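Here the structure is laid out as structure tokens; the discussion comes afterwards.
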2 protein chains.
Amino acid sequence: MKRDSRLSGVLHVLLHMAQQPGPFTSETLAKAMTTNPVVIRRIMAGLRDLGYVRSEKGHGGGWRLACDLSKVTLRDVYMALGSPSLLAMGNRTEAPGCLVEQAVNAALDQAFRDAEALLLSRLGEVTLAMLGEDLRKRLGSRKIHDISAHRA
Amino acid sequence: MKRDSRLSGVLHVLLHMAQQPGPFTSETLAKAMTTNPVVIRRIMAGLRDLGYVRSEKGHGGGWRLACDLSKVTLRDVYMALGSPSLLAMGNRTEAPGCLVEQAVNAALDQAFRDAEALLLSRLGEVTLAMLGEDLRKRLGSRKIHDISAHRA
DNA sequence: GTTTCATGTAACGTCATATGTTACATGATA
DNA sequence: TATCATGTAACATATGACGTTACATGAAAC
């Protein structure tokens, strides 16, 4: 099955936004992501609803960060996307009458729940500010990364 | 994305097979799973290649267990399916030139790897024999569950 | 006020993948 | 030799992410 890359994508956008004052139009962001402005609006909609970013129409409009980056975790961003399913696998039938399948489901569910919990926990440990710090180290001597000079 | 239920399905089949001597035709198993015989052959192919089950053609043919159930774990079965991806999410670009995306990927990859490792580890802790034990408890006083009396 | 710019969103099209189905070849048994 | 069962290719279907077009809404510039 195709892998969902919305979390990866939206984090990429947010981190770029944290490097420059903004605002950023969906078109600018889309170019940097090699995608379509509508896709940007789509993945940003949830973050806007939760107040992590703001959007404005018209001249000089676009997207701006509207949160404390040290208070928002990757888990928060994930939830802003609507908490899409984390695992690519699942049970054939959720509430089977067959006892055999119930036994199988019980074993798998336990493993699935543990893995999901760990993943959410890990995402909850990382703030956007920490991502920005890591980026600064990677940039090293280089100057601020301008989004207009974006290379995939 | 649609969730992959092959592991759930093939375990269901194996556990049913462990309750009766067999052999079982793909058609019998398919009826119990409310699916198509070809689907059964498809998910069983990998297990046959690894020697966990055997198949025979012609009259009296079908599928038989061919392994020590206490030695085969859910992880082994998962790998027999070809180790399909466990996570529904992934990075937008695997080897990005953009440092911002590299920073994002690094953070996500760490979380993803941990979750996958935990899931594989959990699957590796459960043997088919343990599943059978759990099933026996669920059956309680009831007699062996006949696959022909299967209800979803 | 009209034009221009930007978001908001519906409505498609596209692509990948799991799953379902048909068809037919292969091999084993009666 | 007929029947049964697997092996597999080929095609159909369903779902969901992603891409694209079209148009409405609202804000700023002129």
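Following the order of the structure tokens, first chain is A, next is B, and so on, with residues numbered from 1 inside each chain and ligands from 1 in the order they appear.
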
Would you tabulate, counting only C-alpha atoms (C1' of nucleotides), all residues of chain A that have an atom at most 9 Å from an atom of chain C, showing the closest pair of atoms and their distance in Å to one decimal, sorted by chain then ascending number, as CSV?
```
residue,atom,partner,partner_atom,distance
A:Met1,CA,C:DT17,C1',4.6
A:Lys2,CA,C:DA16,C1',5.9
A:Thr25,CA,C:DA6,C1',7.4
A:Ser26,CA,C:DT7,C1',8.4
A:Arg41,CA,C:DT7,C1',8.0
A:Ser55,CA,C:DT7,C1',7.3
A:Glu56,CA,C:DT7,C1',6.8
A:Lys57,CA,C:DA6,C1',4.6
A:Gly58,CA,C:DA6,C1',4.5
A:His59,CA,C:DC5,C1',5.1
A:Gly60,CA,C:DA6,C1',8.1
A:Gly61,CA,C:DA6,C1',6.0
A:Gly62,CA,C:DA6,C1',6.7
```

Interface, chain B side, toward chain A (7 Å; only C-alpha atoms) as a count of residues only: 42

Atomic distance CA of Arg48 in chain B - C1' of DA2 in chain D, expressed in Å with one decimal: 28.5 Å

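Here C1' of DT15 in chain D stands at a distance of 19.7 Å from CA of Ile43 in chain A.
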
Residue list for chain D near chain B as a list in words, 9 Å, only C-alpha atoms (C1' of nucleotides): DT3, DC4, DA5, DT6, DG7, DT15, DG16 and DA17 of chain D

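The interatomic distance for the pair CA of Lys71 in chain B and CA of Pro37 in chain B works out to 27.3 Å.
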
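For range 51-132 of chain A, backbone-based DSSP assignment of strand (DSSP E) covers Val53, Arg54, Ser55, Glu56, Gly62, Trp63, Arg64 and Leu65 of chain A.
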
Residues flagged helix (DSSP H, G or I) by DSSP in chain B, as a PyMOL selection string: chain B and resi 6-17+26-33+37-49+74-80+99-125+128-139+147-149

Selection to disk with C-alpha atoms, as a compact mmCIF listing (two decimals), in the first residue's frame:
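Contents of the output file again-v1.txt:
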```txt
# COMPACT_ATOMS: atom_id res chain seq x y z
CA ARG B 6 -2.67 -10.96 5.05
CA LEU B 7 -0.90 -11.74 8.31
CA SER B 8 -4.20 -11.83 10.16
CA GLY B 9 -5.64 -14.04 7.43
CA VAL B 10 -2.83 -16.53 7.17
CA LEU B 11 -2.66 -16.94 10.94
CA HIS B 12 -6.35 -17.64 10.99
CA VAL B 13 -5.80 -20.37 8.44
CA LEU B 14 -2.84 -21.89 10.24
CA LEU B 15 -4.64 -21.98 13.57
CA HIS B 16 -7.61 -23.69 12.01
CA MET B 17 -5.30 -26.25 10.45
CA SER B 26 -7.81 -24.18 -0.68
CA GLU B 27 -11.52 -24.20 -1.28
CA THR B 28 -12.35 -25.39 2.24
CA LEU B 29 -10.06 -22.79 3.76
CA ALA B 30 -11.42 -20.09 1.46
CA LYS B 31 -14.99 -20.83 2.55
CA ALA B 32 -13.99 -20.48 6.17
CA MET B 33 -12.33 -17.16 5.40
CA PRO B 37 -9.21 -20.18 -3.07
CA VAL B 38 -6.68 -18.25 -5.12
CA VAL B 39 -6.25 -15.81 -2.27
CA ILE B 40 -5.48 -18.74 0.04
CA ARG B 41 -2.87 -20.13 -2.35
CA ARG B 42 -1.37 -16.69 -2.63
CA ILE B 43 -0.86 -16.10 1.07
CA MET B 44 0.26 -19.70 1.63
CA ALA B 45 2.86 -19.70 -1.13
CA GLY B 46 5.54 -18.06 1.00
CA LEU B 47 4.94 -20.44 3.89
CA ARG B 48 5.25 -23.40 1.57
CA ASP B 49 8.55 -22.09 0.23
CA LEU B 74 4.29 -14.71 14.17
CA ARG B 75 7.37 -12.89 12.98
CA ASP B 76 8.40 -15.93 10.94
CA VAL B 77 4.97 -16.01 9.36
CA TYR B 78 5.17 -12.29 8.67
CA MET B 79 8.50 -12.76 6.92
CA ALA B 80 7.10 -15.67 4.94
CA LEU B 99 18.79 19.87 4.69
CA VAL B 100 15.41 20.76 6.13
CA GLU B 101 13.96 17.56 4.84
CA GLN B 102 16.98 15.64 6.07
CA ALA B 103 16.33 16.94 9.56
CA VAL B 104 12.68 15.94 9.34
CA ASN B 105 13.52 12.50 8.00
CA ALA B 106 16.08 11.89 10.71
CA ALA B 107 13.55 12.57 13.44
CA LEU B 108 10.79 10.54 11.85
CA ASP B 109 13.07 7.66 10.88
CA GLN B 110 14.17 7.27 14.44
CA ALA B 111 10.59 6.99 15.64
CA PHE B 112 9.62 4.73 12.77
CA ARG B 113 12.55 2.40 13.31
CA ASP B 114 11.82 2.08 17.01
CA ALA B 115 8.18 1.26 16.40
CA GLU B 116 8.97 -1.29 13.71
CA ALA B 117 11.59 -2.93 15.89
CA LEU B 118 9.18 -3.20 18.78
CA LEU B 119 6.45 -4.65 16.60
CA LEU B 120 8.80 -7.25 15.11
CA SER B 121 10.07 -8.07 18.56
CA ARG B 122 6.54 -8.60 19.88
CA LEU B 123 5.65 -10.78 16.91
CA GLY B 124 8.81 -12.77 17.52
CA GLU B 125 7.74 -13.53 21.08
CA LEU B 128 1.89 -20.57 16.75
CA ALA B 129 1.74 -23.04 19.63
CA MET B 130 1.04 -20.19 22.04
CA LEU B 131 -1.79 -19.04 19.81
CA GLY B 132 -3.15 -22.57 19.92
CA GLU B 133 -2.96 -22.57 23.71
CA ASP B 134 -4.85 -19.31 23.91
CA LEU B 135 -7.46 -20.71 21.57
CA ARG B 136 -7.90 -23.78 23.76
CA LYS B 137 -8.65 -21.50 26.70
CA ARG B 138 -11.20 -19.60 24.69
CA LEU B 139 -12.84 -22.82 23.59
CA ILE B 147 -13.57 -25.63 10.33
CA SER B 148 -16.62 -26.77 8.41
CA ALA B 149 -18.77 -25.12 11.09
```
